[in-house]
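Only one structure is covered here, and it is reproduced in the block below.
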Amino acid sequence: MRRYHAGPDFLRAHSIAELAHMARRRLPHFAWEYLEGGAEEELTLRRNRQAFAEVSLLPRTLVPWETPDTRRTLFGREQALPMAIAPTGYNGMLHRDADVHLARAATERGLPFSLSTVSTSSMEQIVAAVPDVNLWFQLYSMTDPKVQEDLLQRAEAVGCKTLLLTTDAVLLGNREWDKRNFARPRQLSLRNKLDVLRHPRWIKQALWPHGMPSMANLDRYLPADQRNAAGAAHFIGEKMEKHLSWDFLARLRERWPHRLLLKGVMHPQDAEHAVKLGLDGIVVTNHGGRQLDGVPATLDCLPAIVEVARGKLSIILDSGIRRGTDILKACALGADAVLLGRATLYGVAVGGQAGAGHALDLLSNELRLALTLLGQPDLNQLRASRQPDATFSVS
Ligand SMILES: Cc1cc2nc3c(=O)[nH]c(=O)nc-3n(C[C@H](O)[C@H](O)[C@H](O)COP(=O)(O)O)c2cc1C
């Protein structure tokens with residue numbers, strides 16, 4: 001019998017949801033929950049998706065056909081698409097060298113790649129493997145000023161020009177699955193150890209031959225015998241700065257002469273504050289529903305933020321992007337670009353670089369198709385209008 005699609009399995013995924021389904025089968029339970037889970041009741045996780053569903057698209061008809069134009073200029077650079085890969089920690093648990101795979105997939109498409117402080121490849125490894133990467137570095141601030149300064153100097157030394165300070169995760173959200181899956185910090189429960197044994201393909205893909213990866217950016221700050229997942233988790237728990245403030249951000253603004261973005265904005269007054277501090281951008285995010293459960297969807301917060309900050313800094317939105325139409329809606333409501341968290345992680349989990357690339361291509365094809373069917377081929381000309389029931393319609 002002829003197969004519909006030759007090549008690796010993941011290329012048969014026609015949507016991000018199908019990639020997620022494949023990732024769920026591929027990963028052991030604890031790794032899947034780490035990737036997919038939200039905090040507590042997962043109210044915010046669901047709201048993130050629901051908010052996109054509530055924006056309707058109102059097409060115009062008989063518009064002469066034009067190739068859709070999805071270009072956006074972000075920080076002075078023209079990109080083919082209004083998106084970048086979000087910083088996500090501990091990606092090596094999904095696939096060996098996952099950060100490098102994500103960076104390559106993004107770079108091949110001219111998109112920025114964000115590396116987390118708690119990544120499993122170091123910034124030096126990323127730049128060595130992908131020299132033309134447009135690298136954004138996400139900073140979790142550290143209590144030890146020497147470590148903090150060293151991270152900044154290393155970012156500058158590898159040519160990183162964009163720093164994202166994450167401020168919505170000074171304490172880890174209440175993720176019950178995490179507590180359930182581990183008997184002790186970084187020690188899987190017996191049930192999860194047995195489940196791992198049922199996933200030989202994942203063992204080969206992620207664990208073999210070195211075991212659980214360490215947090216490579218932080219290795220050099222740890223004693224030699226603690227350069228492993230458990231050591232890094234302990235270090236982060238002890239050394240992450242929990243007392244962030246606007247004064248701290250003002251000092252960081254003085255210290256970092258390149259682009260500085262605040263990742264963790266939901267309130268318009270915080271966006272105004274970021275403008276006053278002379279930041280280059282904000283990320284409107286709820287950390288993909290993984291931190292404070294019950295906060296609104298980011299898309300619902302966007303209009304009020306756009307009202308106070310549009311044109312004064314770049315407004316980037318994340319949390320819940322799973323379709324090209326989601327990107328279209330975010331841009332119509334005033335986002336300059338979006339960050340992709342789980343969408344590209346599903347891809348990397350099932351197919352490394354090619355899988356991440358497939359996720360990016362699915363989203364960009366969906367975005368182009370939607371612009372054409374909407375009768376508005378230019379992403380920059382999209383308009384959103386508020387309906388009597390307070391929802392938005394985009395044309
Ligand atoms: C597995 C996972 C790990 C994450 N790790 C980080 C991190 O280390 N630093 C950070 O700023 N945000 C982190 N985030 C949040 C993402 O940057 C982004 O805000 C979020 O994933 C967007 O939501 P989405 O996954 O629905 O697209 C993480 C998200 C996930 C799913």
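Ordering of the structure tokens sets the chain letters (A, B, ...), residue numbers begin anew at 1 in every chain, and ligands are numbered from 1 in the order given.
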Give one line per residue of chain A that approaches ligand 1 to at most 9 Å, naming the two atoms of the closest pair and their distance in Å to one decimal, counting only C-alpha atoms and all ligand atoms; sort by chain then ascending residue number and deliver it as JSON lines.
```
{"residue": "A:Ala31", "atom": "CA", "partner": "ligand 1", "partner_atom_place_in_ligand_line": "1 (C)", "distance": 9.0}
{"residue": "A:Glu33", "atom": "CA", "partner": "ligand 1", "partner_atom_place_in_ligand_line": "1 (C)", "distance": 8.8}
{"residue": "A:Tyr34", "atom": "CA", "partner": "ligand 1", "partner_atom_place_in_ligand_line": "1 (C)", "distance": 5.7}
{"residue": "A:Leu35", "atom": "CA", "partner": "ligand 1", "partner_atom_place_in_ligand_line": "1 (C)", "distance": 4.2}
{"residue": "A:Glu36", "atom": "CA", "partner": "ligand 1", "partner_atom_place_in_ligand_line": "31 (C)", "distance": 6.2}
{"residue": "A:Gly37", "atom": "CA", "partner": "ligand 1", "partner_atom_place_in_ligand_line": "31 (C)", "distance": 7.5}
{"residue": "A:Gly38", "atom": "CA", "partner": "ligand 1", "partner_atom_place_in_ligand_line": "31 (C)", "distance": 8.3}
{"residue": "A:Leu45", "atom": "CA", "partner": "ligand 1", "partner_atom_place_in_ligand_line": "26 (O)", "distance": 7.4}
{"residue": "A:Asn48", "atom": "CA", "partner": "ligand 1", "partner_atom_place_in_ligand_line": "26 (O)", "distance": 7.3}
{"residue": "A:Arg49", "atom": "CA", "partner": "ligand 1", "partner_atom_place_in_ligand_line": "26 (O)", "distance": 8.3}
{"residue": "A:Ile85", "atom": "CA", "partner": "ligand 1", "partner_atom_place_in_ligand_line": "17 (O)", "distance": 8.2}
{"residue": "A:Ala86", "atom": "CA", "partner": "ligand 1", "partner_atom_place_in_ligand_line": "17 (O)", "distance": 4.5}
{"residue": "A:Pro87", "atom": "CA", "partner": "ligand 1", "partner_atom_place_in_ligand_line": "17 (O)", "distance": 4.4}
{"residue": "A:Thr88", "atom": "CA", "partner": "ligand 1", "partner_atom_place_in_ligand_line": "5 (N)", "distance": 3.3}
{"residue": "A:Gly89", "atom": "CA", "partner": "ligand 1", "partner_atom_place_in_ligand_line": "8 (O)", "distance": 3.6}
{"residue": "A:Tyr90", "atom": "CA", "partner": "ligand 1", "partner_atom_place_in_ligand_line": "3 (C)", "distance": 6.8}
{"residue": "A:Asn91", "atom": "CA", "partner": "ligand 1", "partner_atom_place_in_ligand_line": "1 (C)", "distance": 7.1}
{"residue": "A:Ser114", "atom": "CA", "partner": "ligand 1", "partner_atom_place_in_ligand_line": "17 (O)", "distance": 8.4}
{"residue": "A:Leu115", "atom": "CA", "partner": "ligand 1", "partner_atom_place_in_ligand_line": "8 (O)", "distance": 8.0}
{"residue": "A:Ser116", "atom": "CA", "partner": "ligand 1", "partner_atom_place_in_ligand_line": "8 (O)", "distance": 4.7}
{"residue": "A:Thr117", "atom": "CA", "partner": "ligand 1", "partner_atom_place_in_ligand_line": "8 (O)", "distance": 6.3}
{"residue": "A:Val118", "atom": "CA", "partner": "ligand 1", "partner_atom_place_in_ligand_line": "8 (O)", "distance": 5.5}
{"residue": "A:Ser119", "atom": "CA", "partner": "ligand 1", "partner_atom_place_in_ligand_line": "8 (O)", "distance": 6.9}
{"residue": "A:Gln138", "atom": "CA", "partner": "ligand 1", "partner_atom_place_in_ligand_line": "11 (O)", "distance": 6.0}
{"residue": "A:Leu139", "atom": "CA", "partner": "ligand 1", "partner_atom_place_in_ligand_line": "11 (O)", "distance": 7.5}
{"residue": "A:Tyr140", "atom": "CA", "partner": "ligand 1", "partner_atom_place_in_ligand_line": "9 (N)", "distance": 7.3}
{"residue": "A:Leu164", "atom": "CA", "partner": "ligand 1", "partner_atom_place_in_ligand_line": "11 (O)", "distance": 7.7}
{"residue": "A:Leu165", "atom": "CA", "partner": "ligand 1", "partner_atom_place_in_ligand_line": "11 (O)", "distance": 7.5}
{"residue": "A:Thr166", "atom": "CA", "partner": "ligand 1", "partner_atom_place_in_ligand_line": "11 (O)", "distance": 4.9}
{"residue": "A:Thr167", "atom": "CA", "partner": "ligand 1", "partner_atom_place_in_ligand_line": "11 (O)", "distance": 7.9}
{"residue": "A:Asp168", "atom": "CA", "partner": "ligand 1", "partner_atom_place_in_ligand_line": "11 (O)", "distance": 8.0}
{"residue": "A:Ala169", "atom": "CA", "partner": "ligand 1", "partner_atom_place_in_ligand_line": "11 (O)", "distance": 7.6}
{"residue": "A:Lys263", "atom": "CA", "partner": "ligand 1", "partner_atom_place_in_ligand_line": "11 (O)", "distance": 6.8}
{"residue": "A:Gly264", "atom": "CA", "partner": "ligand 1", "partner_atom_place_in_ligand_line": "11 (O)", "distance": 8.2}
{"residue": "A:Val283", "atom": "CA", "partner": "ligand 1", "partner_atom_place_in_ligand_line": "19 (O)", "distance": 8.3}
{"residue": "A:Val284", "atom": "CA", "partner": "ligand 1", "partner_atom_place_in_ligand_line": "19 (O)", "distance": 8.6}
{"residue": "A:Thr285", "atom": "CA", "partner": "ligand 1", "partner_atom_place_in_ligand_line": "19 (O)", "distance": 5.7}
{"residue": "A:Asn286", "atom": "CA", "partner": "ligand 1", "partner_atom_place_in_ligand_line": "19 (O)", "distance": 6.5}
{"residue": "A:His287", "atom": "CA", "partner": "ligand 1", "partner_atom_place_in_ligand_line": "19 (O)", "distance": 3.8}
{"residue": "A:Gly288", "atom": "CA", "partner": "ligand 1", "partner_atom_place_in_ligand_line": "23 (O)", "distance": 3.2}
{"residue": "A:Gly289", "atom": "CA", "partner": "ligand 1", "partner_atom_place_in_ligand_line": "23 (O)", "distance": 7.0}
{"residue": "A:Arg290", "atom": "CA", "partner": "ligand 1", "partner_atom_place_in_ligand_line": "29 (C)", "distance": 7.3}
{"residue": "A:Leu317", "atom": "CA", "partner": "ligand 1", "partner_atom_place_in_ligand_line": "22 (C)", "distance": 8.5}
{"residue": "A:Asp318", "atom": "CA", "partner": "ligand 1", "partner_atom_place_in_ligand_line": "22 (C)", "distance": 4.9}
{"residue": "A:Ser319", "atom": "CA", "partner": "ligand 1", "partner_atom_place_in_ligand_line": "23 (O)", "distance": 3.2}
{"residue": "A:Gly320", "atom": "CA", "partner": "ligand 1", "partner_atom_place_in_ligand_line": "26 (O)", "distance": 3.6}
{"residue": "A:Ile321", "atom": "CA", "partner": "ligand 1", "partner_atom_place_in_ligand_line": "27 (O)", "distance": 5.2}
{"residue": "A:Arg322", "atom": "CA", "partner": "ligand 1", "partner_atom_place_in_ligand_line": "27 (O)", "distance": 7.3}
{"residue": "A:Val338", "atom": "CA", "partner": "ligand 1", "partner_atom_place_in_ligand_line": "27 (O)", "distance": 8.9}
{"residue": "A:Leu339", "atom": "CA", "partner": "ligand 1", "partner_atom_place_in_ligand_line": "27 (O)", "distance": 6.7}
{"residue": "A:Leu340", "atom": "CA", "partner": "ligand 1", "partner_atom_place_in_ligand_line": "27 (O)", "distance": 4.7}
{"residue": "A:Gly341", "atom": "CA", "partner": "ligand 1", "partner_atom_place_in_ligand_line": "27 (O)", "distance": 3.6}
{"residue": "A:Arg342", "atom": "CA", "partner": "ligand 1", "partner_atom_place_in_ligand_line": "25 (O)", "distance": 3.8}
{"residue": "A:Ala343", "atom": "CA", "partner": "ligand 1", "partner_atom_place_in_ligand_line": "27 (O)", "distance": 6.1}
{"residue": "A:Thr344", "atom": "CA", "partner": "ligand 1", "partner_atom_place_in_ligand_line": "27 (O)", "distance": 8.4}
{"residue": "A:Leu345", "atom": "CA", "partner": "ligand 1", "partner_atom_place_in_ligand_line": "1 (C)", "distance": 7.7}
```
7 Å contact set for segment 368-382 of chain A, only C-alpha atoms, chain neighbours under 4 positions out, as a list in words: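 Neighbouring residues, sequence-local ones excluded: Leu58, Pro59, Arg60, Thr61, Val63, Glu66, Thr67, Pro68, Asp69, Thr70, Thr325, Ala332, Ser364, Val394 and Ser395 of chain A.
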Residue among A:His210, A:Arg198, A:His243, A:Arg109 lying closest to Arg96 of chain A, counting only C-alpha atoms: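 Among A:His210, A:Arg198, A:His243, A:Arg109, it is A:His210 that comes nearest to Arg96 of chain A.
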One-decimal distance in Å that lies between atom CA of Leu313 of chain A and atom CA of Leu279 of chain A: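 Between atom CA of Leu279 of chain A and atom CA of Leu313 of chain A the gap is 6.9 Å.
Within segment 77-194 of chain A, residues classed as strand (DSSP E or B) by DSSP on backbone coordinates are Arg77, Glu78, Gln79, Met83, Ala84, Ile85, Phe113, Ser114, Leu115, Leu135, Trp136, Phe137, Gln138, Leu139, Met142, Thr162, Leu163, Leu164, Leu165, Thr166, Phe182, Ala183, Arg184, Gln187 and Leu188 of chain A.
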For the selection you just gave me, I'd like the residues written to a file as a compact mmCIF listing (two decimals), in the first residue's frame, keeping C-alpha atoms.
```txt
# COMPACT_ATOMS: atom_id res chain seq x y z
CA ARG A 77 15.71 43.75 11.20
CA GLU A 78 13.23 42.58 8.62
CA GLN A 79 11.92 39.09 9.32
CA MET A 83 7.69 35.29 15.31
CA ALA A 84 10.61 34.03 17.39
CA ILE A 85 11.27 30.99 19.53
CA PHE A 113 15.98 32.02 18.87
CA SER A 114 15.81 32.70 22.62
CA LEU A 115 17.99 30.69 24.97
CA LEU A 135 20.43 34.87 19.65
CA TRP A 136 18.24 36.35 22.35
CA PHE A 137 19.30 35.49 25.90
CA GLN A 138 16.74 35.14 28.66
CA LEU A 139 18.05 36.13 32.06
CA MET A 142 21.03 35.73 40.18
CA THR A 162 18.89 41.05 22.93
CA LEU A 163 18.31 40.31 26.59
CA LEU A 164 14.95 39.25 28.01
CA LEU A 165 14.57 39.61 31.75
CA THR A 166 11.93 37.18 33.00
CA PHE A 182 9.51 13.23 41.58
CA ALA A 183 10.15 11.39 44.84
CA ARG A 184 12.86 13.94 45.72
CA GLN A 187 14.73 11.92 41.62
CA LEU A 188 11.92 10.33 39.64
```
For Met22 of chain A, the nearest of the candidates A:Thr73, A:Val130, A:Gly324, A:Val350, counting only C-alpha atoms: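 Looking only at the distances to Met22 of chain A, the closest residue turns out to be A:Val350.
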Shortest interatomic distance to His258 of chain A - which of A:Gly173, A:Pro185, A:Gly355, A:Gly159, counting only C-alpha atoms: A:Gly159
Selection near Gly278 of chain A, 9 Å with only C-alpha atoms, sequence-local residues under 2 positions removed, as a ChimeraX atom specification: /A:250,253,260,273-276,280-281,312-313
Point-to-point distance from atom CA of Asn134 of chain A to atom CA of Gln205 of chain A, Å rounded to tenths: 26.4 Å
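Closest approach to Gly76 of chain A among A:Asp9, A:Leu194, A:Ser314, A:Ile16 is made by A:Ser314 (distances from only C-alpha atoms).
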Point-to-point distance from atom CA of Leu102 of chain A to atom CA of Gly352 of chain A, Å rounded to tenths: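 For atom CA of Leu102 of chain A relative to atom CA of Gly352 of chain A, the distance reads 7.6 Å.
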Excluding same-chain residues fewer than 3 positions from Ala349 of chain A, what lies within 8 Å of it counting only C-alpha atoms, as a JSON list (two decimals) with C-alpha atoms, in the first residue's frame?
```
[["chain", "number", "residue", "atom", "x", "y", "z"],
["A", 23, "ALA", "CA", 5.12, 14.11, 21.36],
["A", 26, "ARG", "CA", 7.06, 9.65, 22.25],
["A", 27, "LEU", "CA", 7.90, 11.09, 25.68],
["A", 94, "LEU", "CA", 12.91, 16.32, 25.17],
["A", 95, "HIS", "CA", 15.70, 15.61, 22.70],
["A", 98, "ALA", "CA", 17.32, 20.36, 21.58],
["A", 345, "LEU", "CA", 8.93, 22.09, 21.61],
["A", 346, "TYR", "CA", 6.44, 19.46, 20.34],
["A", 352, "GLY", "CA", 14.86, 17.35, 16.48],
["A", 355, "GLY", "CA", 10.59, 18.53, 13.72]]
```
Within 8 Å of Val158 of chain A using only C-alpha atoms, minus same-chain residues under 6 positions, as a PyMOL selection string: chain A and resi 123-124+127
Resulting file, chosen residues, C-alpha atoms, as a PDB file, in the first residue's frame:
```pdb
ATOM      1  CA  MET A 123      25.216  30.090  24.872  1.00  0.00           C
ATOM      2  CA  GLU A 124      28.789  29.333  23.729  1.00  0.00           C
ATOM      3  CA  VAL A 127      26.917  30.085  18.794  1.00  0.00           C
TER       4      VAL A 127
END
```
Residues within 8 Å of Ser122 of chain A, only C-alpha atoms, excluding chain neighbours under 4 positions, as a ChimeraX atom specification: /A:126,215-217
Contacts of Pro28 of chain A within 10 Å, only C-alpha atoms, excl. fewer than 4 positions in-chain, as number ranges by chain: A: 23-24, 32-33, 94, 192-203
Selected residues, C-alpha atoms, written as a short mmCIF file (atom, residue, chain, number, x, y, z; two decimals), in the first residue's frame, please.
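Saved file out26.cif follows:
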```cif
data_model
loop_
_atom_site.label_atom_id
_atom_site.label_comp_id
_atom_site.auth_asym_id
_atom_site.auth_seq_id
_atom_site.Cartn_x
_atom_site.Cartn_y
_atom_site.Cartn_z
CA ALA A 23 5.12 14.11 21.36
CA ARG A 24 2.82 12.73 24.02
CA TRP A 32 5.32 15.10 28.71
CA GLU A 33 3.82 16.70 31.82
CA LEU A 94 12.91 16.32 25.17
CA ASN A 192 8.00 7.17 36.59
CA LYS A 193 11.26 5.20 36.46
CA LEU A 194 9.30 2.18 35.26
CA ASP A 195 7.48 4.35 32.72
CA VAL A 196 10.83 5.58 31.37
CA LEU A 197 11.79 1.96 30.65
CA ARG A 198 8.72 1.71 28.42
CA HIS A 199 10.14 4.46 26.18
CA PRO A 200 13.35 3.05 24.66
CA ARG A 201 13.18 5.42 21.68
CA TRP A 202 13.20 8.40 24.04
CA ILE A 203 16.04 6.88 26.08
#
```
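Among the candidates A:Pro268, A:Pro257, A:Pro388, A:Gly351, the one nearest to Glu156 of chain A when counting only C-alpha atoms is A:Pro257.
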